[in-house]
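Asks: One structure coming up, written as structure tokens, with questions to follow.
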Amino acid sequence: MMSSPTSTELLATATAGRQRKAWSASLPKPTAILMVIPLVILVLLFVIYPLVKLTVDAITQGDGGFSNFAAVFASGAIRNSMVNTMIMSVIVTILCLVIGGVLAWILATPQRAWVKALVWAAILLPFWMGVIVKTYAWSVLLAKNGVINSFLISLGVIDQPLALLYTPFAVILGMTYTMLPYAVLAMYPTISGFNRELINSARILGSSRTGAMVKIWLPNVMPGLVAAAAIVFAISIGFYITPVLLGGAQVPFMASVIGDDIFSFFNYPRAAASSVVLLVIALVVLFAALRSVGAKALKGGLGG
Amino acid sequence: MKSRKIQRQLRLGGVVALAAVTSLSLMSCSNGGEATGGAGGSREDVSLVIASWGDPFTSATQEYLVDPFVEETGYDVTIVDAPGKYVASLEAQNQANNVEWDLLDSTSAPDAYIAYDKGLIQKMPDSVKERITEALPEDAVTDFGITWSILGYITACNADAVAACPQNTTELFDTAEFPGSRTSISTSPLVNLSLAEIASGVAPEDLTTHEIDLDRAFAKLEEFKAAGGTWWNSGDQYMQVMSTNETDMGVGYSGRAYAIAEDMTNLEIHWEEGLYNPGFWNVAEGSAHSEEAWEFIEWIATNPEAAANWGQALGYSVPNPESFDYIEPEIAETLADYPENREELANMNFEWYVTNYQEVNDRWQEFLRG
């Protein structure tokens, strides 16, 4: 017959445990350094070195100095694509914040299990799909004889197919669809961590519904929003395949122009300089995000 | 300019030294081969690396060219995929002083001419050139390689979408007589400018030496662009743009046009005033086995049946006229070197492009994206 442990026995075990060294998440310094070294080497070799090389190339190749950068800004094609890249990325970022914020809110509030499962699936499935597959799917839907146009014509809403593909609209649609999971995943931790009772308290203390959201909810989830915006924007300005496949030549992104310079127009020095410009913009945005909400808050926003 | 020349001389010096070392090592190898009684001069320690375009190119090159060649020579041949990156990659390999490739499969013509100008690919040895010229037509052999995987830039039009289809390049550029949206290649200024010049009245047979009048050509292209439509940047995108009715007519690769026509019965294809678009086989400057690399090029140039199998598998034309004895008639008449097609196609002035490409490319980018 098994006898359940008496309280004295339990106490004894616990004391024995306390005598051993308490468990801790932090490692001794030498072990920690040893474990981090492979990662540092990888990053140095495959991230830092190529970026440094790129920057050096941009300054030393061609006529050298800042001539390559001057060539970048002298080209109307590159200026146009730069403005285009920034505007479209801002639009995509705003759309991702709004739609992603709503989705994250739905996921963070009590829902029926199947609703949650459906929303999670809708967010994560495209996240796991390849970007080319997603983009081709959109081009099939948006084509002149594609699903959307055929449907609208059969309903009698339009009699001539709309030009949907190879427009800025198609690019924004495709990019928002691709970036949405990043936005939701970046915002979810702060939004779900928000204590709803605070809104009730604000209402009880006389705040309006909107006032409570703006004055209480927004500041609390701000780090998550900033983190999501920074991530979405920094990735968006580097998009290549989606603008090419859905926008065509009429909606040029910086990356397409850089690709052309390398692969079609034999202008590697200018491509390097354009890349550095793009990199600097991305870094400035990320650092500005860090400064505005603080590294700790941003880390929280990323679920770290 | 001067420094580039000096650089090239330095590089050439390096190549000579390298060649000397290579031939020394080859001598010792072949001695070793004789000692072990190797027959037929087969040197299995020779390894060639071919840069190719990825499937279906790579598979066809492997099956129809490399496999039979390896069987004969015993060399070790590997293919790496580097679609569209030949010039950029060779420049990088040269900078790193580590040329990894020996052969380039179907380099596009502008790439090949510019790579030669930059000293990235080798001049064909005179003895090789002499022997190849016996098998191939004169214009299939250049200083730096042989033509291969040749296509036409042709006019294709969806007869269902418009009242009248243009029958040639001049009509394709006539947006008033032949209304409808248009498409063309976005990555090749020379092709578009050449076609615009033909549409402005330059005789196709003069095109190969004609210096393009940029202002006139771009004005013509503005009309073409104003008709609406999109610009494609890959054969896949060309097929998509045409087969989804996104544009009504335009300039495209002949092989792709026939592929679209398989599903789209009302696609009209016209070769008249089109452009002959050769690719090239080249040997990389700095190749450690250039002698064997040229041997491979000579082999494919003088094996019309292997070339025919390759061309038939991909729908690309090959330079050896004898190859057409082995190609099925219904495929043959879709190829650029089929006599009736060939006589319709004009040759582009690549030399002009090589000397002017910086200005031309800049203006093209402004035109397309400015």
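By convention here, the chains of the structure tokens are called A, B, ... in the order presented, each chain's residues are numbered starting at 1, and ligands are numbered starting at 1 in the order presented.
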Give me the residues within 7 Å of region 254-265 of chain A as a list in words, counting only C-alpha atoms and dropping any in the same chain fewer than 4 places off.

Replies: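 So the residues in contact are Ile78, Ser81, Met82, Thr85, Gly238, Phe239, Tyr240, Val244, Ala271 and Ser274 of chain A; Gly84, Lys85, Ala88, Thr187 and Asn361 of chain B.
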
Asks: With N, CA and C atoms kept, could you save the residues just selected as a PDB file, in the first residue's frame?

Replies:
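Once everything was written out, this is again.pdb:
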```
ATOM      1  N   ILE A  78      15.775  56.741 -60.420  1.00  0.00           N
ATOM      2  CA  ILE A  78      16.001  56.269 -59.050  1.00  0.00           C
ATOM      3  C   ILE A  78      15.252  57.151 -58.048  1.00  0.00           C
ATOM      4  N   SER A  81      11.705  56.103 -58.120  1.00  0.00           N
ATOM      5  CA  SER A  81      11.466  54.823 -57.463  1.00  0.00           C
ATOM      6  C   SER A  81      11.651  54.946 -55.953  1.00  0.00           C
ATOM      7  N   MET A  82      12.529  55.866 -55.538  1.00  0.00           N
ATOM      8  CA  MET A  82      12.747  56.053 -54.107  1.00  0.00           C
ATOM      9  C   MET A  82      11.483  56.640 -53.459  1.00  0.00           C
ATOM     10  N   THR A  85       8.839  54.006 -53.442  1.00  0.00           N
ATOM     11  CA  THR A  85       9.083  53.004 -52.406  1.00  0.00           C
ATOM     12  C   THR A  85       8.635  53.521 -51.038  1.00  0.00           C
ATOM     13  N   GLY A 238      12.386  47.126 -48.754  1.00  0.00           N
ATOM     14  CA  GLY A 238      13.279  46.224 -49.473  1.00  0.00           C
ATOM     15  C   GLY A 238      12.557  45.268 -50.404  1.00  0.00           C
ATOM     16  N   PHE A 239      11.243  45.423 -50.574  1.00  0.00           N
ATOM     17  CA  PHE A 239      10.499  44.470 -51.410  1.00  0.00           C
ATOM     18  C   PHE A 239      11.002  44.467 -52.844  1.00  0.00           C
ATOM     19  N   TYR A 240      11.078  43.272 -53.415  1.00  0.00           N
ATOM     20  CA  TYR A 240      11.543  43.160 -54.793  1.00  0.00           C
ATOM     21  C   TYR A 240      10.531  42.439 -55.672  1.00  0.00           C
ATOM     22  N   VAL A 244       7.608  43.755 -58.703  1.00  0.00           N
ATOM     23  CA  VAL A 244       7.916  43.350 -60.080  1.00  0.00           C
ATOM     24  C   VAL A 244       6.744  42.575 -60.679  1.00  0.00           C
ATOM     25  N   ALA A 271      24.476  50.608 -58.156  1.00  0.00           N
ATOM     26  CA  ALA A 271      23.626  49.671 -57.418  1.00  0.00           C
ATOM     27  C   ALA A 271      24.071  49.604 -55.961  1.00  0.00           C
ATOM     28  N   SER A 274      22.971  52.818 -54.230  1.00  0.00           N
ATOM     29  CA  SER A 274      21.517  52.794 -53.975  1.00  0.00           C
ATOM     30  C   SER A 274      21.214  51.895 -52.788  1.00  0.00           C
TER      31      SER A 274
ATOM     32  N   GLY B  84      20.988  34.945 -65.447  1.00  0.00           N
ATOM     33  CA  GLY B  84      21.034  36.393 -65.602  1.00  0.00           C
ATOM     34  C   GLY B  84      22.139  37.093 -64.839  1.00  0.00           C
ATOM     35  N   LYS B  85      23.068  36.324 -64.252  1.00  0.00           N
ATOM     36  CA  LYS B  85      24.055  36.963 -63.378  1.00  0.00           C
ATOM     37  C   LYS B  85      25.476  36.810 -63.892  1.00  0.00           C
ATOM     38  N   ALA B  88      27.755  40.203 -63.711  1.00  0.00           N
ATOM     39  CA  ALA B  88      27.953  40.626 -62.321  1.00  0.00           C
ATOM     40  C   ALA B  88      28.790  39.601 -61.560  1.00  0.00           C
ATOM     41  N   THR B 187      13.912  45.111 -69.927  1.00  0.00           N
ATOM     42  CA  THR B 187      15.323  45.057 -69.523  1.00  0.00           C
ATOM     43  C   THR B 187      16.293  45.196 -70.687  1.00  0.00           C
ATOM     44  N   ASN B 361      21.515  53.238 -71.412  1.00  0.00           N
ATOM     45  CA  ASN B 361      20.837  52.660 -70.252  1.00  0.00           C
ATOM     46  C   ASN B 361      20.213  53.739 -69.370  1.00  0.00           C
TER      47      ASN B 361
END
```

Asks: Please produce, as a tab-separated table, a per-residue contact table for chain B versus chain A (criterion: any atom at most 6 Å away, only C-alpha atoms considered), showing the nearest atom pair and its distance in Å to one decimal, sorted by chain then residue number.

Replies:
```
residue	atom	partner	partner_atom	distance
B:Lys85	CA	A:Phe263	CA	5.9
B:Trp231	CA	A:Ala249	CA	5.7
B:Thr244	CA	A:Asn145	CA	5.8
B:Glu246	CA	A:Lys144	CA	5.6
B:Gln365	CA	A:Ala77	CA	5.8
B:Glu366	CA	A:Ala77	CA	4.9
B:Arg369	CA	A:Ala77	CA	4.9
B:Gly370	CA	A:Ala77	CA	4.0
```

Asks: Which value, in Å to one decimal, gives the distance between CA of Ser194 (chain B) and CA of Trp364 (chain B)?

Replies: 12.7 Å

Asks: Mind listing the helix (DSSP H, G or I) residues of region 4-243 of chain B, per DSSP on the backbone, as a VMD selection string?

Replies: chain B and resid 4 to 35 57 to 73 86 to 95 109 to 117 126 to 135 138 to 140 169 to 172 189 to 199 204 to 209 214 to 226 235 to 243

Asks: Please, which residues of region 240-316 of chain B, numbered as in this document, come out strand (DSSP E or B) from DSSP, as a ChimeraX atom specification?

Replies: /B:249-253,267-284

Asks: What's the 10 Å shell around region 278-291 of chain A, counting only C-alpha atoms, without same-chain residues fewer than 4 positions away, as an mmCIF file with C-alpha atoms, in the first residue's frame?

Replies:
```cif
data_model
loop_
_atom_site.group_PDB
_atom_site.id
_atom_site.type_symbol
_atom_site.label_atom_id
_atom_site.label_comp_id
_atom_site.auth_asym_id
_atom_site.auth_seq_id
_atom_site.Cartn_x
_atom_site.Cartn_y
_atom_site.Cartn_z
ATOM 1 C CA LEU A 51 27.339 45.166 -45.483
ATOM 2 C CA THR A 55 29.521 50.280 -48.256
ATOM 3 C CA MET A 82 12.747 56.053 -54.107
ATOM 4 C CA THR A 85 9.083 53.004 -52.406
ATOM 5 C CA MET A 86 8.657 55.326 -49.421
ATOM 6 C CA PRO A 223 5.533 50.012 -27.907
ATOM 7 C CA VAL A 226 5.863 51.185 -32.916
ATOM 8 C CA ALA A 227 7.653 47.839 -33.089
ATOM 9 C CA ALA A 228 5.168 46.573 -35.694
ATOM 10 C CA ALA A 229 5.393 49.770 -37.735
ATOM 11 C CA ALA A 230 9.196 49.748 -37.701
ATOM 12 C CA ILE A 231 9.383 46.096 -38.736
ATOM 13 C CA PHE A 233 8.291 49.573 -42.892
ATOM 14 C CA ALA A 234 11.893 48.356 -42.805
ATOM 15 C CA ILE A 235 10.965 45.122 -44.600
ATOM 16 C CA SER A 236 8.615 46.873 -47.038
ATOM 17 C CA ILE A 237 11.198 49.259 -48.458
ATOM 18 C CA GLY A 238 13.279 46.224 -49.473
ATOM 19 C CA MET A 254 14.276 50.737 -55.229
ATOM 20 C CA ALA A 255 15.064 47.032 -55.209
ATOM 21 C CA ALA A 272 25.915 49.515 -54.382
ATOM 22 C CA ALA A 273 25.313 53.186 -53.606
ATOM 23 C CA SER A 274 21.517 52.794 -53.975
ATOM 24 C CA ALA A 295 14.678 49.536 -26.211
ATOM 25 C CA LYS A 296 13.030 47.816 -23.280
ATOM 26 C CA ALA A 297 9.513 48.670 -24.383
ATOM 27 C CA LEU A 298 10.310 47.639 -27.936
ATOM 28 C CA LYS A 299 11.661 44.327 -26.689
#
```

Asks: With a distance cut-off of 10 Å and only C-alpha atoms, select the neighbouring residues of Asn303 (chain B), excluding the residue or stretch itself and same-chain residues fewer than 3 positions from it, and output the selection as a list in words.

Replies: Leu65, Phe69, Ala135, Glu298, Trp299, Ile300, Ala306, Ala307, Ala308, Asn320, Glu322 and Ser323 of chain B

Asks: By how many Å are CA of Lys215 (chain A) and CA of Met179 (chain A) apart?

Replies: 27.9 Å
